[in-house]
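Asker: Dropping in final.txt, with compact mmCIF, C-alpha atoms and all ligand atoms.
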```
# COMPACT_ATOMS: atom_id res chain seq x y z
CA MET A 1 -12.10 -35.11 4.84
CA ASN A 2 -12.56 -31.40 4.55
CA LYS A 3 -9.20 -29.62 4.57
CA TRP A 4 -8.80 -25.89 4.22
CA THR A 5 -6.84 -22.96 5.47
CA PHE A 6 -6.89 -19.13 5.49
CA PRO A 7 -3.31 -18.38 4.53
CA THR A 8 -3.52 -14.57 4.12
CA LYS A 9 -2.34 -12.70 7.20
CA ILE A 10 -4.97 -10.05 7.99
CA TYR A 11 -4.20 -6.73 9.69
CA ALA A 12 -7.40 -4.83 10.48
CA GLY A 13 -8.03 -1.35 11.85
CA LYS A 14 -7.18 2.28 11.38
CA ASP A 15 -3.55 1.64 12.28
CA SER A 16 -3.13 -1.43 10.03
CA LEU A 17 -1.05 0.58 7.55
CA ASN A 18 1.67 0.75 10.21
CA ARG A 19 2.64 -2.68 8.96
CA LEU A 20 4.26 -0.81 6.07
CA THR A 21 6.75 0.84 8.42
CA GLU A 22 8.31 -2.56 9.10
CA PHE A 23 10.01 -2.91 5.70
CA ASN A 24 13.60 -1.84 5.33
CA ASP A 25 16.05 -1.99 2.43
CA GLU A 26 13.45 -3.47 0.08
CA SER A 27 12.53 -2.77 -3.50
CA ILE A 28 8.84 -1.89 -3.14
CA LEU A 29 6.37 -1.63 -5.97
CA ILE A 30 3.09 0.11 -5.17
CA ILE A 31 0.41 -0.69 -7.72
CA CYS A 32 -2.35 1.78 -7.09
CA ASP A 33 -5.81 2.59 -8.32
CA PRO A 34 -5.82 5.76 -10.46
CA PHE A 35 -8.07 7.56 -7.95
CA LEU A 36 -5.12 7.54 -5.54
CA LYS A 37 -2.65 9.02 -8.02
CA ASN A 38 -1.42 12.41 -6.75
CA SER A 39 -3.69 12.15 -3.70
CA PRO A 40 -2.68 12.92 -0.10
CA ASN A 41 -3.49 9.30 0.73
CA LEU A 42 -0.72 8.06 -1.54
CA THR A 43 1.66 10.64 -0.10
CA TYR A 44 0.71 9.33 3.34
CA VAL A 45 1.48 5.73 2.33
CA MET A 46 4.83 6.81 0.92
CA SER A 47 5.63 8.69 4.13
CA LEU A 48 5.24 5.44 6.09
CA MET A 49 8.09 3.78 4.22
CA GLU A 50 11.60 3.80 5.63
CA SER A 51 13.90 5.95 3.50
CA LYS A 52 16.25 3.01 2.82
CA ASN A 53 13.55 1.33 0.69
CA LYS A 54 13.43 1.90 -3.06
CA VAL A 55 9.80 2.69 -3.88
CA ALA A 56 8.19 2.77 -7.35
CA VAL A 57 4.54 3.50 -8.13
CA TYR A 58 2.56 2.02 -11.02
CA THR A 59 -0.90 3.36 -11.79
CA ASP A 60 -1.94 1.94 -15.16
CA VAL A 61 -5.01 0.20 -13.74
CA VAL A 62 -8.46 0.09 -15.35
CA PRO A 63 -11.76 -1.47 -14.22
CA ASP A 64 -12.25 -5.11 -15.22
CA PRO A 65 -8.50 -5.48 -15.90
CA PRO A 66 -7.62 -6.86 -19.34
CA ILE A 67 -4.98 -9.58 -19.59
CA THR A 68 -2.94 -7.21 -21.80
CA HIS A 69 -2.67 -4.79 -18.86
CA VAL A 70 -1.21 -7.55 -16.72
CA ALA A 71 1.40 -8.20 -19.41
CA LYS A 72 2.28 -4.48 -19.57
CA GLY A 73 2.58 -4.40 -15.79
CA ILE A 74 4.96 -7.35 -15.80
CA GLU A 75 7.16 -5.58 -18.33
CA PHE A 76 7.32 -2.60 -15.98
CA MET A 77 8.15 -4.89 -13.05
CA GLU A 78 11.12 -6.34 -14.90
CA GLY A 79 12.84 -2.98 -14.60
CA ILE A 80 12.09 -2.75 -10.85
CA LYS A 81 12.61 -6.34 -9.64
CA PRO A 82 10.39 -5.73 -6.62
CA SER A 83 10.87 -7.74 -3.44
CA ILE A 84 7.54 -6.43 -2.06
CA ILE A 85 4.38 -5.62 -4.02
CA ILE A 86 1.64 -3.52 -2.44
CA ALA A 87 -1.67 -3.30 -4.32
CA ILE A 88 -3.86 -0.43 -3.15
CA GLY A 89 -7.25 -0.15 -4.82
CA GLY A 90 -10.55 -1.75 -5.68
CA GLY A 91 -11.01 -5.33 -6.86
CA SER A 92 -9.80 -4.41 -10.34
CA CYS A 93 -6.47 -3.10 -9.04
CA ILE A 94 -6.00 -6.04 -6.68
CA ASP A 95 -6.86 -8.59 -9.39
CA MET A 96 -4.48 -7.00 -11.88
CA SER A 97 -1.73 -6.97 -9.24
CA LYS A 98 -2.47 -10.61 -8.42
CA GLY A 99 -1.89 -11.43 -12.09
CA MET A 100 1.34 -9.44 -12.11
CA ALA A 101 2.69 -11.04 -8.92
CA TYR A 102 1.61 -14.52 -10.02
CA PHE A 103 3.18 -14.42 -13.49
CA GLY A 104 6.14 -12.41 -12.23
CA ARG A 105 6.93 -15.20 -9.79
CA LYS A 106 6.01 -18.11 -12.08
CA LEU A 107 7.26 -17.03 -15.49
CA LYS A 108 9.92 -14.44 -14.71
CA HIS A 109 11.20 -16.12 -11.54
CA MET A 110 11.06 -12.85 -9.60
CA ASP A 111 11.87 -13.13 -5.93
CA ILE A 112 8.76 -11.41 -4.56
CA LYS A 113 8.87 -11.98 -0.80
CA SER A 114 5.48 -10.54 -0.03
CA PHE A 115 2.40 -9.50 -1.97
CA ILE A 116 0.18 -7.19 0.10
CA ALA A 117 -3.36 -6.12 -0.76
CA VAL A 118 -4.96 -2.97 0.61
CA PRO A 119 -8.59 -2.87 -0.59
CA THR A 120 -10.17 0.54 -1.12
CA THR A 121 -13.66 -0.77 -1.87
CA SER A 122 -15.70 -2.89 0.52
CA GLY A 123 -16.73 -5.36 -2.12
CA THR A 124 -14.79 -8.11 -3.78
CA GLY A 125 -12.96 -9.69 -0.86
CA SER A 126 -10.18 -10.18 -3.43
CA GLU A 127 -7.61 -9.54 -0.66
CA VAL A 128 -8.32 -13.06 0.68
CA THR A 129 -9.38 -15.06 -2.38
CA SER A 130 -7.57 -17.40 -4.73
CA PHE A 131 -9.18 -15.73 -7.76
CA ALA A 132 -8.11 -12.96 -10.09
CA VAL A 133 -10.78 -12.00 -12.61
CA LEU A 134 -9.13 -10.90 -15.87
CA THR A 135 -10.81 -9.90 -19.13
CA ASP A 136 -9.92 -10.93 -22.66
CA SER A 137 -10.39 -7.60 -24.47
CA GLU A 138 -11.00 -9.25 -27.84
CA THR A 139 -13.79 -11.61 -26.80
CA GLN A 140 -14.94 -9.55 -23.79
CA ILE A 141 -14.95 -12.74 -21.71
CA LYS A 142 -13.95 -12.56 -18.06
CA TYR A 143 -11.58 -15.37 -17.10
CA PRO A 144 -10.85 -16.13 -13.50
CA LEU A 145 -7.30 -17.14 -12.79
CA ILE A 146 -7.73 -19.63 -9.95
CA ASP A 147 -4.78 -20.75 -7.93
CA ASP A 148 -3.86 -20.53 -4.26
CA ALA A 149 -0.65 -18.95 -5.52
CA VAL A 150 -2.58 -15.74 -6.36
CA LEU A 151 -3.62 -15.31 -2.72
CA PRO A 152 -2.10 -12.17 -1.22
CA ASP A 153 0.36 -12.94 1.55
CA GLU A 154 -1.06 -10.10 3.64
CA ALA A 155 -4.21 -7.97 3.63
CA LEU A 156 -4.39 -4.59 5.34
CA LEU A 157 -7.97 -3.56 6.12
CA THR A 158 -8.04 0.14 6.80
CA PRO A 159 -11.15 2.33 6.68
CA LEU A 160 -9.03 5.34 5.62
CA PHE A 161 -9.25 4.92 1.86
CA VAL A 162 -12.85 3.72 1.45
CA LYS A 163 -14.02 7.09 2.76
CA THR A 164 -13.49 8.64 -0.68
CA SER A 165 -15.57 6.02 -2.44
CA PRO A 166 -18.37 7.68 -4.46
CA PRO A 167 -21.88 6.59 -3.39
CA SER A 168 -22.44 4.39 -6.45
CA VAL A 169 -19.15 2.53 -5.89
CA THR A 170 -20.08 2.04 -2.21
CA ALA A 171 -23.52 0.77 -3.22
CA TYR A 172 -22.47 -1.60 -6.01
CA SER A 173 -19.42 -3.02 -4.29
CA GLY A 174 -21.50 -3.41 -1.11
CA MET A 175 -24.12 -5.38 -3.03
CA ASP A 176 -21.28 -7.59 -4.30
CA VAL A 177 -20.51 -8.43 -0.66
CA LEU A 178 -24.14 -9.41 -0.07
CA VAL A 179 -24.19 -11.60 -3.18
CA HIS A 180 -20.90 -13.30 -2.23
CA ALA A 181 -22.30 -14.18 1.16
CA LEU A 182 -25.78 -15.23 -0.01
CA GLU A 183 -24.41 -17.38 -2.83
CA ALA A 184 -21.72 -18.93 -0.62
CA TYR A 185 -24.38 -19.70 2.00
CA VAL A 186 -26.11 -22.21 -0.30
CA ALA A 187 -23.22 -23.11 -2.62
CA LYS A 188 -22.22 -26.72 -3.15
CA GLU A 189 -19.12 -26.59 -0.95
CA ALA A 190 -20.74 -24.67 1.92
CA ASN A 191 -20.14 -26.03 5.42
CA ASN A 192 -20.63 -24.78 8.98
CA PHE A 193 -17.44 -22.72 8.86
CA THR A 194 -18.29 -20.95 5.61
CA ASP A 195 -21.89 -20.49 6.78
CA ALA A 196 -20.71 -18.74 9.93
CA LEU A 197 -18.56 -16.34 7.90
CA ALA A 198 -21.33 -15.71 5.34
CA GLN A 199 -24.00 -15.16 7.97
CA LYS A 200 -21.97 -12.56 9.83
CA ALA A 201 -21.18 -10.80 6.54
CA ILE A 202 -24.89 -10.69 5.59
CA GLU A 203 -25.82 -9.33 9.01
CA LEU A 204 -23.19 -6.56 8.72
CA VAL A 205 -24.24 -5.62 5.17
CA PHE A 206 -27.89 -5.12 6.10
CA GLU A 207 -26.87 -3.01 9.08
CA TYR A 208 -23.97 -0.97 7.70
CA LEU A 209 -24.29 -0.69 3.93
CA PRO A 210 -27.20 1.82 4.08
CA LYS A 211 -25.16 3.85 6.60
CA CYS A 212 -22.05 3.82 4.40
CA TYR A 213 -24.13 5.02 1.45
CA LYS A 214 -24.92 8.24 3.30
CA SER A 215 -22.51 11.14 3.66
CA THR A 216 -22.86 10.78 7.44
CA ALA A 217 -21.06 7.41 7.45
CA THR A 218 -18.60 7.09 10.31
CA GLU A 219 -15.22 5.41 10.22
CA GLN A 220 -16.71 2.60 12.27
CA ASP A 221 -19.51 2.09 9.71
CA ARG A 222 -16.89 1.90 6.97
CA MET A 223 -14.75 -0.53 8.94
CA SER A 224 -17.73 -2.80 9.56
CA MET A 225 -18.49 -2.97 5.82
CA HIS A 226 -14.81 -3.58 5.12
CA GLU A 227 -14.79 -6.51 7.49
CA ALA A 228 -18.05 -7.81 5.99
CA SER A 229 -16.37 -7.79 2.59
CA CYS A 230 -13.40 -9.76 3.89
CA LEU A 231 -15.62 -12.27 5.77
CA ALA A 232 -17.67 -12.88 2.63
CA GLY A 233 -14.46 -13.35 0.63
CA LEU A 234 -13.19 -15.94 3.10
CA SER A 235 -16.54 -17.72 2.89
CA PHE A 236 -16.91 -17.92 -0.88
CA ASN A 237 -13.26 -18.73 -1.41
CA LYS A 238 -14.03 -22.10 0.13
CA ALA A 239 -17.79 -22.57 -0.44
CA GLY A 240 -17.92 -21.30 -4.03
CA LEU A 241 -20.47 -18.94 -5.57
CA GLY A 242 -23.22 -19.74 -8.08
CA ILE A 243 -25.17 -18.64 -11.13
CA VAL A 244 -25.63 -15.04 -10.00
CA HIS A 245 -21.91 -14.56 -10.53
CA ALA A 246 -21.77 -16.84 -13.59
CA MET A 247 -24.44 -14.66 -15.26
CA ALA A 248 -23.16 -11.33 -13.93
CA HIS A 249 -19.70 -11.95 -15.40
CA GLN A 250 -21.32 -11.94 -18.86
CA LEU A 251 -23.16 -8.65 -18.19
CA GLY A 252 -19.83 -7.15 -17.10
CA GLY A 253 -18.02 -8.51 -20.17
CA GLN A 254 -20.71 -7.57 -22.72
CA PHE A 255 -22.09 -4.28 -21.39
CA HIS A 256 -19.58 -3.11 -18.75
CA VAL A 257 -22.21 -3.15 -16.05
CA PRO A 258 -20.27 -2.70 -12.78
CA HIS A 259 -19.72 -6.12 -11.24
CA GLY A 260 -21.66 -5.56 -8.02
CA LEU A 261 -24.59 -3.96 -9.82
CA ALA A 262 -24.86 -6.83 -12.31
CA ASN A 263 -24.97 -9.25 -9.37
CA SER A 264 -27.52 -7.11 -7.58
CA MET A 265 -29.92 -7.13 -10.55
CA ILE A 266 -29.90 -10.90 -10.89
CA LEU A 267 -29.83 -11.87 -7.20
CA PRO A 268 -33.56 -11.85 -6.26
CA TYR A 269 -34.52 -13.95 -9.31
CA VAL A 270 -31.83 -16.54 -8.68
CA ILE A 271 -32.78 -16.88 -5.01
CA VAL A 272 -36.37 -17.64 -6.05
CA PHE A 273 -35.15 -19.98 -8.82
CA ASN A 274 -32.84 -21.94 -6.52
CA CYS A 275 -35.51 -22.18 -3.80
CA VAL A 276 -38.06 -23.54 -6.29
CA HIS A 277 -35.64 -26.22 -7.50
CA ASN A 278 -33.93 -27.19 -4.27
CA THR A 279 -35.92 -27.61 -1.04
CA ASP A 280 -32.77 -27.59 1.12
CA VAL A 281 -31.89 -24.15 -0.23
CA ALA A 282 -35.41 -22.90 0.50
CA LYS A 283 -35.16 -24.23 4.07
CA LYS A 284 -31.76 -22.66 4.61
CA TYR A 285 -32.72 -19.22 3.28
CA ALA A 286 -36.01 -19.29 5.23
CA HIS A 287 -34.09 -20.02 8.42
CA LEU A 288 -31.66 -17.20 7.63
CA SER A 289 -34.53 -14.77 7.07
CA GLU A 290 -35.88 -15.59 10.50
CA LYS A 291 -32.44 -15.30 12.13
CA LEU A 292 -31.94 -11.88 10.56
CA GLY A 293 -35.23 -10.77 12.12
CA PHE A 294 -37.06 -10.24 8.82
CA THR A 295 -39.85 -12.51 9.98
CA SER A 296 -40.94 -14.45 13.05
CA TYR A 297 -40.51 -18.10 13.98
CA GLU A 298 -44.24 -18.74 13.43
CA SER A 299 -44.20 -17.57 9.80
CA SER A 300 -44.43 -20.17 7.04
CA GLU A 301 -41.41 -21.02 4.91
CA GLN A 302 -42.94 -19.10 2.02
CA GLU A 303 -43.47 -16.01 4.21
CA LYS A 304 -39.88 -16.19 5.43
CA LEU A 305 -38.54 -16.39 1.87
CA SER A 306 -40.73 -13.50 0.74
CA ALA A 307 -39.47 -11.43 3.68
CA LEU A 308 -35.86 -12.11 2.68
CA ILE A 309 -36.48 -11.07 -0.93
CA GLU A 310 -38.37 -7.96 0.23
CA ALA A 311 -35.47 -6.99 2.50
CA ILE A 312 -33.03 -7.33 -0.42
CA VAL A 313 -35.23 -5.23 -2.72
CA ARG A 314 -35.65 -2.59 0.01
CA LEU A 315 -31.89 -2.45 0.38
CA GLN A 316 -31.43 -2.09 -3.40
CA HIS A 317 -33.95 0.78 -3.48
CA SER A 318 -32.32 2.52 -0.54
CA LEU A 319 -29.02 2.40 -2.48
CA ASP A 320 -30.60 3.63 -5.74
CA CYS A 321 -29.49 0.48 -7.56
CA PRO A 322 -30.97 0.22 -11.07
CA MET A 323 -32.93 -3.04 -11.23
CA THR A 324 -32.67 -3.65 -14.99
CA LEU A 325 -30.11 -3.17 -17.75
CA THR A 326 -32.24 -0.53 -19.47
CA SER A 327 -32.62 1.47 -16.27
CA PHE A 328 -28.80 1.42 -16.05
CA GLY A 329 -28.63 2.83 -19.59
CA VAL A 330 -27.93 -0.29 -21.66
CA GLU A 331 -29.92 -0.33 -24.90
CA ARG A 332 -32.66 -2.98 -24.63
CA VAL A 333 -31.26 -6.37 -25.65
CA THR A 334 -33.62 -7.83 -28.25
CA SER A 335 -31.26 -10.30 -29.90
CA GLU A 336 -31.97 -13.92 -28.92
CA ALA A 337 -28.52 -14.76 -30.28
CA LYS A 338 -26.93 -12.43 -27.69
CA LEU A 339 -28.95 -14.00 -24.87
CA ASN A 340 -28.01 -17.48 -26.06
CA LEU A 341 -24.35 -16.50 -26.20
CA MET A 342 -24.43 -15.11 -22.66
CA ALA A 343 -26.24 -18.22 -21.38
CA ASP A 344 -23.69 -20.48 -23.08
CA ARG A 345 -20.82 -18.56 -21.53
CA ALA A 346 -22.46 -18.52 -18.11
CA LEU A 347 -22.76 -22.33 -18.27
CA LYS A 348 -18.99 -22.46 -18.77
CA ASP A 349 -18.17 -19.89 -16.07
CA MET A 350 -16.34 -21.46 -13.15
CA CYS A 351 -18.90 -20.10 -10.63
CA TYR A 352 -21.69 -22.08 -12.35
CA ARG A 353 -20.66 -25.43 -10.97
CA PHE A 354 -21.05 -24.34 -7.36
CA ASN A 355 -24.72 -23.44 -7.79
CA PRO A 356 -26.96 -25.70 -5.70
CA TYR A 357 -29.11 -26.57 -8.74
CA PRO A 358 -27.82 -27.27 -12.27
CA ALA A 359 -29.69 -24.58 -14.20
CA ASN A 360 -29.83 -25.32 -17.94
CA HIS A 361 -29.40 -23.03 -20.93
CA ASP A 362 -33.10 -22.11 -21.14
CA ASP A 363 -33.25 -21.41 -17.39
CA LEU A 364 -30.40 -18.92 -17.77
CA VAL A 365 -31.98 -17.24 -20.80
CA GLY A 366 -35.22 -16.93 -18.80
CA LEU A 367 -33.35 -15.37 -15.89
CA TYR A 368 -31.54 -12.91 -18.19
CA LYS A 369 -34.91 -11.84 -19.63
CA LYS A 370 -36.02 -10.73 -16.18
CA VAL A 371 -33.30 -8.06 -15.98
CA LEU A 372 -33.43 -6.63 -19.51
N1 LIG B 401 -10.84 -11.66 -7.14
C1 LIG B 401 -12.02 -11.83 -6.62
O1 LIG B 401 -12.20 -12.66 -5.72
C2 LIG B 401 -13.15 -10.99 -7.12
C3 LIG B 401 -14.42 -11.11 -6.53
C4 LIG B 401 -15.43 -10.31 -7.02
C5 LIG B 401 -15.19 -9.39 -8.05
N2 LIG B 401 -13.96 -9.32 -8.62
C6 LIG B 401 -13.64 -8.36 -9.70
O2 LIG B 401 -13.34 -7.10 -9.11
C7 LIG B 401 -13.72 -6.04 -10.00
C8 LIG B 401 -14.64 -5.07 -9.30
O3 LIG B 401 -13.98 -4.49 -8.21
P1 LIG B 401 -14.63 -3.29 -7.35
O4 LIG B 401 -16.08 -3.51 -7.21
O5 LIG B 401 -13.80 -3.16 -6.13
O6 LIG B 401 -14.48 -2.03 -8.31
P2 LIG B 401 -13.21 -1.46 -9.12
O7 LIG B 401 -11.94 -1.90 -8.54
O8 LIG B 401 -13.44 -1.78 -10.57
O9 LIG B 401 -13.37 0.10 -8.86
C9 LIG B 401 -14.49 0.80 -9.37
C10 LIG B 401 -14.12 2.29 -9.54
O10 LIG B 401 -13.99 2.88 -8.25
C11 LIG B 401 -12.74 3.57 -8.12
N3 LIG B 401 -12.40 3.47 -6.69
C12 LIG B 401 -12.04 2.36 -6.01
N4 LIG B 401 -11.89 2.64 -4.70
C13 LIG B 401 -12.16 3.96 -4.55
C14 LIG B 401 -12.14 4.86 -3.42
N5 LIG B 401 -11.89 4.45 -2.20
N6 LIG B 401 -12.41 6.17 -3.66
C15 LIG B 401 -12.70 6.62 -4.91
N7 LIG B 401 -12.75 5.81 -6.00
C16 LIG B 401 -12.47 4.50 -5.81
C17 LIG B 401 -11.80 2.85 -9.09
O11 LIG B 401 -10.76 3.70 -9.53
C18 LIG B 401 -12.77 2.50 -10.24
O12 LIG B 401 -12.91 3.59 -11.12
C19 LIG B 401 -14.39 -6.72 -11.20
O13 LIG B 401 -13.45 -6.87 -12.24
C20 LIG B 401 -14.79 -8.08 -10.65
O14 LIG B 401 -14.92 -9.06 -11.66
C21 LIG B 401 -12.93 -10.08 -8.14
FE FE B 402 -18.35 -10.65 -6.87
```
Could you render the structure from this file as structure tokens?
Answerer:
Amino acid sequence: MNKWTFPTKIYAGKDSLNRLTEFNDESILIICDPFLKNSPNLTYVMSLMESKNKVAVYTDVVPDPPITHVAKGIEFMEGIKPSIIIAIGGGSCIDMSKGMAYFGRKLKHMDIKSFIAVPTTSGTGSEVTSFAVLTDSETQIKYPLIDDAVLPDEALLTPLFVKTSPPSVTAYSGMDVLVHALEAYVAKEANNFTDALAQKAIELVFEYLPKCYKSTATEQDRMSMHEASCLAGLSFNKAGLGIVHAMAHQLGGQFHVPHGLANSMILPYVIVFNCVHNTDVAKKYAHLSEKLGFTSYESSEQEKLSALIEAIVRLQHSLDCPMTLTSFGVERVTSEAKLNLMADRALKDMCYRFNPYPANHDDLVGLYKKVL
């Protein structure tokens, strides 16, 4: 039996923030991404709140949130005792807030009635996933906290905030969406429901991500990418991911390569790798390539797969995504010991086990060598 549910209530559209006007007499904690600090957008959010609410703002958020930051945040919360938490920011802000809400409820027995996520990047899908990716600053290892209890109670998808996203953030977080959907599409727990969500997300990314990367992006373009991000999140939350993410987490931990970019670099090589080792995956991706219009029905399976890879590489070029670590500015990794360490850690990463083929240590080292 396959049992699953989408518990997060989703409000989508330009007016979705109006949900915030419905709270009254609450102790509200807004945890916001530093880019929002002192911005008119934050003032706007505050203006939506009824005056009877007590509202506090916490902005000590950094990319790839360390566990120590979660602990500091919980200390701050103890003075506020929030009944509502609203996280407004990218995946890092939402993940840190997830940690704060989770441990606040579990360890400090705080009565948090609702935890609301307002994503400002179209990327992680964190607003609807049971994961919070936290980093151990000492070892530089990213640990996912996985529990349905970290799921936000509500997600507000508004295109208003993503508008300020710099082009590189739009590009990298957008590539994260594509990788979520393409990995979920062939992951071990994929089924017809998750495939439908992933397929729609992939379709939207190819159509709207190049538009969002340009300064001419419309609100509708932004909203479409925002929905793609959420669809992909819903898909991988059930289907799982794979070795692109297992490997990318190490590049993030070791070299601070932005999460979506690390995924983007590895993606084409893993698609080829998985297709070579699993004929069902090759069939599924070939079919997808045809459905997306990259190739015709008459083309061979090999031609369909090549067309899919070419479309991904074209997209990466159109978004100016560096394709290797050195082109991103990381000093060339020559140490075999470092590669072995990353491969070992990727084998232990929770995303690894959802990959449709059990890559071994040497496979992972070989794949890392392609993106040096
Ligand atoms: N929980 C999950 O399911 C999940 C899934 C994938 C990735 N992640 C994690 O999420 C993190 C990456 O999140 P991300 O890609 O959203 O990036 P991010 O949250 O790290 O943000 C990147 C940068 O962009 C800025 N920013 C965010 N939104 C902006 C906006 N609208 N305008 C201007 N600046 C803005 C942030 O301040 C930050 O400096 C990583 O730690 C990754 O491991 C979590
Ligand atoms: Fe991701």
Asker: Which residues are near A:Pro210? Cut-off 8 Å, all atoms listed in the file, ignore same chain within fewer than 6 positions. Put them as a PyMOL selection string.
Answerer: chain A and resi 315+318-319
Asker: Between A:Cys93, A:Ala155, A:Leu367, A:Met223, single out the one closest to A:Ser114, counting all atoms listed in the file.
Answerer: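 Going through A:Cys93, A:Ala155, A:Leu367, A:Met223 one by one, the smallest distance to A:Ser114 is for A:Ala155.
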Asker: So that I can see what lies close to A:Ser300, please list as a ChimeraX atom specification the residues with an atom at most 12 Å from it, counting all atoms listed in the file and leaving out residues fewer than 6 positions away in the same chain.
Answerer: /A:282-283,286-287,289-290,306-307
Asker: May I ask you to write as number ranges by chain all residues lying at most 8 Å from ligand LIG 401 (chain B), with all atoms listed in the file counted?
Answerer: A: 33-36, 61-65, 89-95, 119-135, 142, 144, 161-166, 169, 172-173, 176, 180, 233, 237, 249, 252, 258-260
Asker: Could you tell me how far atom CA of A:Lys106 lies from atom CA of A:Ser27, in Å and to one decimal?
Answerer: 18.7 Å
Asker: Grab the atom CA of A:Ile30 to atom CA of A:Ala87 distance for me, in Å with one decimal place.
Answerer: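 Distance reported for this atom pair: 5.9 Å.
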Asker: Using all atoms listed in the file, which of the listed residues (A:Cys212, A:Ala101, A:Leu107, A:Leu241) sits closest to ligand FE 402 (chain B)?
Answerer: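 Counting all atoms listed in the file, the residue closest to ligand FE 402 (chain B) is A:Leu241.
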Asker: Which residues, written as a VMD selection string, have at least one atom at most 12 Å from A:Ala248, with all atoms listed in the file counted and residues fewer than 3 positions away on the same chain left out?
Answerer: chain A and resid 141 to 142 176 179 241 to 245 251 to 267 270 325 342 to 343 345 to 347 349 351 to 352 364 367 to 368 371
Asker: With all atoms listed in the file as the basis for distance, which of A:Ser16, A:Ser97, A:Thr139, A:Asn24 is at the shortest distance from A:Tyr58?
Answerer: A:Ser97
Asker: Can you measure atom CA of A:Phe6 to atom CA of A:Ile202 for me? One decimal in Å is fine.
Answerer: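 Atom-to-atom, atom CA of A:Phe6 to atom CA of A:Ile202, that is 19.9 Å.
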Asker: Taking only C-alpha atoms into account, name the residue in A:Ala228, A:Ile86, A:Met77, A:Val57 that is nearest to A:Arg19.
Answerer: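 Of A:Ala228, A:Ile86, A:Met77, A:Val57, the one nearest A:Arg19 is A:Ile86, counting only C-alpha atoms.
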Asker: Using only C-alpha atoms, which protein or nucleic acid residues come within 7 Å of A:Ile28? Drop anything in the same chain fewer than 2 positions from it, and give the result as a ChimeraX atom specification.
Answerer: /A:26,30,53-56,82-85
Asker: Check the smallest atom-to-atom distance from each of A:Glu50, A:Asp15, A:Glu183, A:Asp147 to ligand FE 402 (chain B) using only C-alpha atoms and all ligand atoms, then report the winner.
Answerer: A:Glu183
Asker: With only C-alpha atoms and all ligand atoms as the atoms that count, which of A:Asp363, A:Val177, A:Gly329, A:Cys275 lies nearest to ligand FE 402 (chain B)?
Answerer: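 Of A:Asp363, A:Val177, A:Gly329, A:Cys275, the one nearest ligand FE 402 (chain B) is A:Val177, counting only C-alpha atoms and all ligand atoms.
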Asker: So that I can check the surroundings of A:Asn278, please list as a compact mmCIF listing (two decimals) with C-alpha atoms, in the coordinates of the input every protein, DNA and RNA residue that reaches within 8 Å of it, counting only C-alpha atoms and ignoring chain neighbours fewer than 4 positions away.
Answerer:
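Writing done, so here's out37.txt:
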```txt
# COMPACT_ATOMS: atom_id res chain seq x y z
CA ASN A 274 -32.84 -21.94 -6.52
CA ALA A 282 -35.41 -22.90 0.50
CA PRO A 356 -26.96 -25.70 -5.70
CA TYR A 357 -29.11 -26.57 -8.74
```
Asker: Give the centre and edge lengths of an axis-aligned box, in Å to one decimal, that holds all listed atoms of stretch 104-111 of chain A with 3 Å on each side, as AutoDock Vina command-line options.
Answerer:
```
--center_x 8.9 --center_y -15.3 --center_z -10.7 --size_x 11.9 --size_y 11.7 --size_z 15.6
```
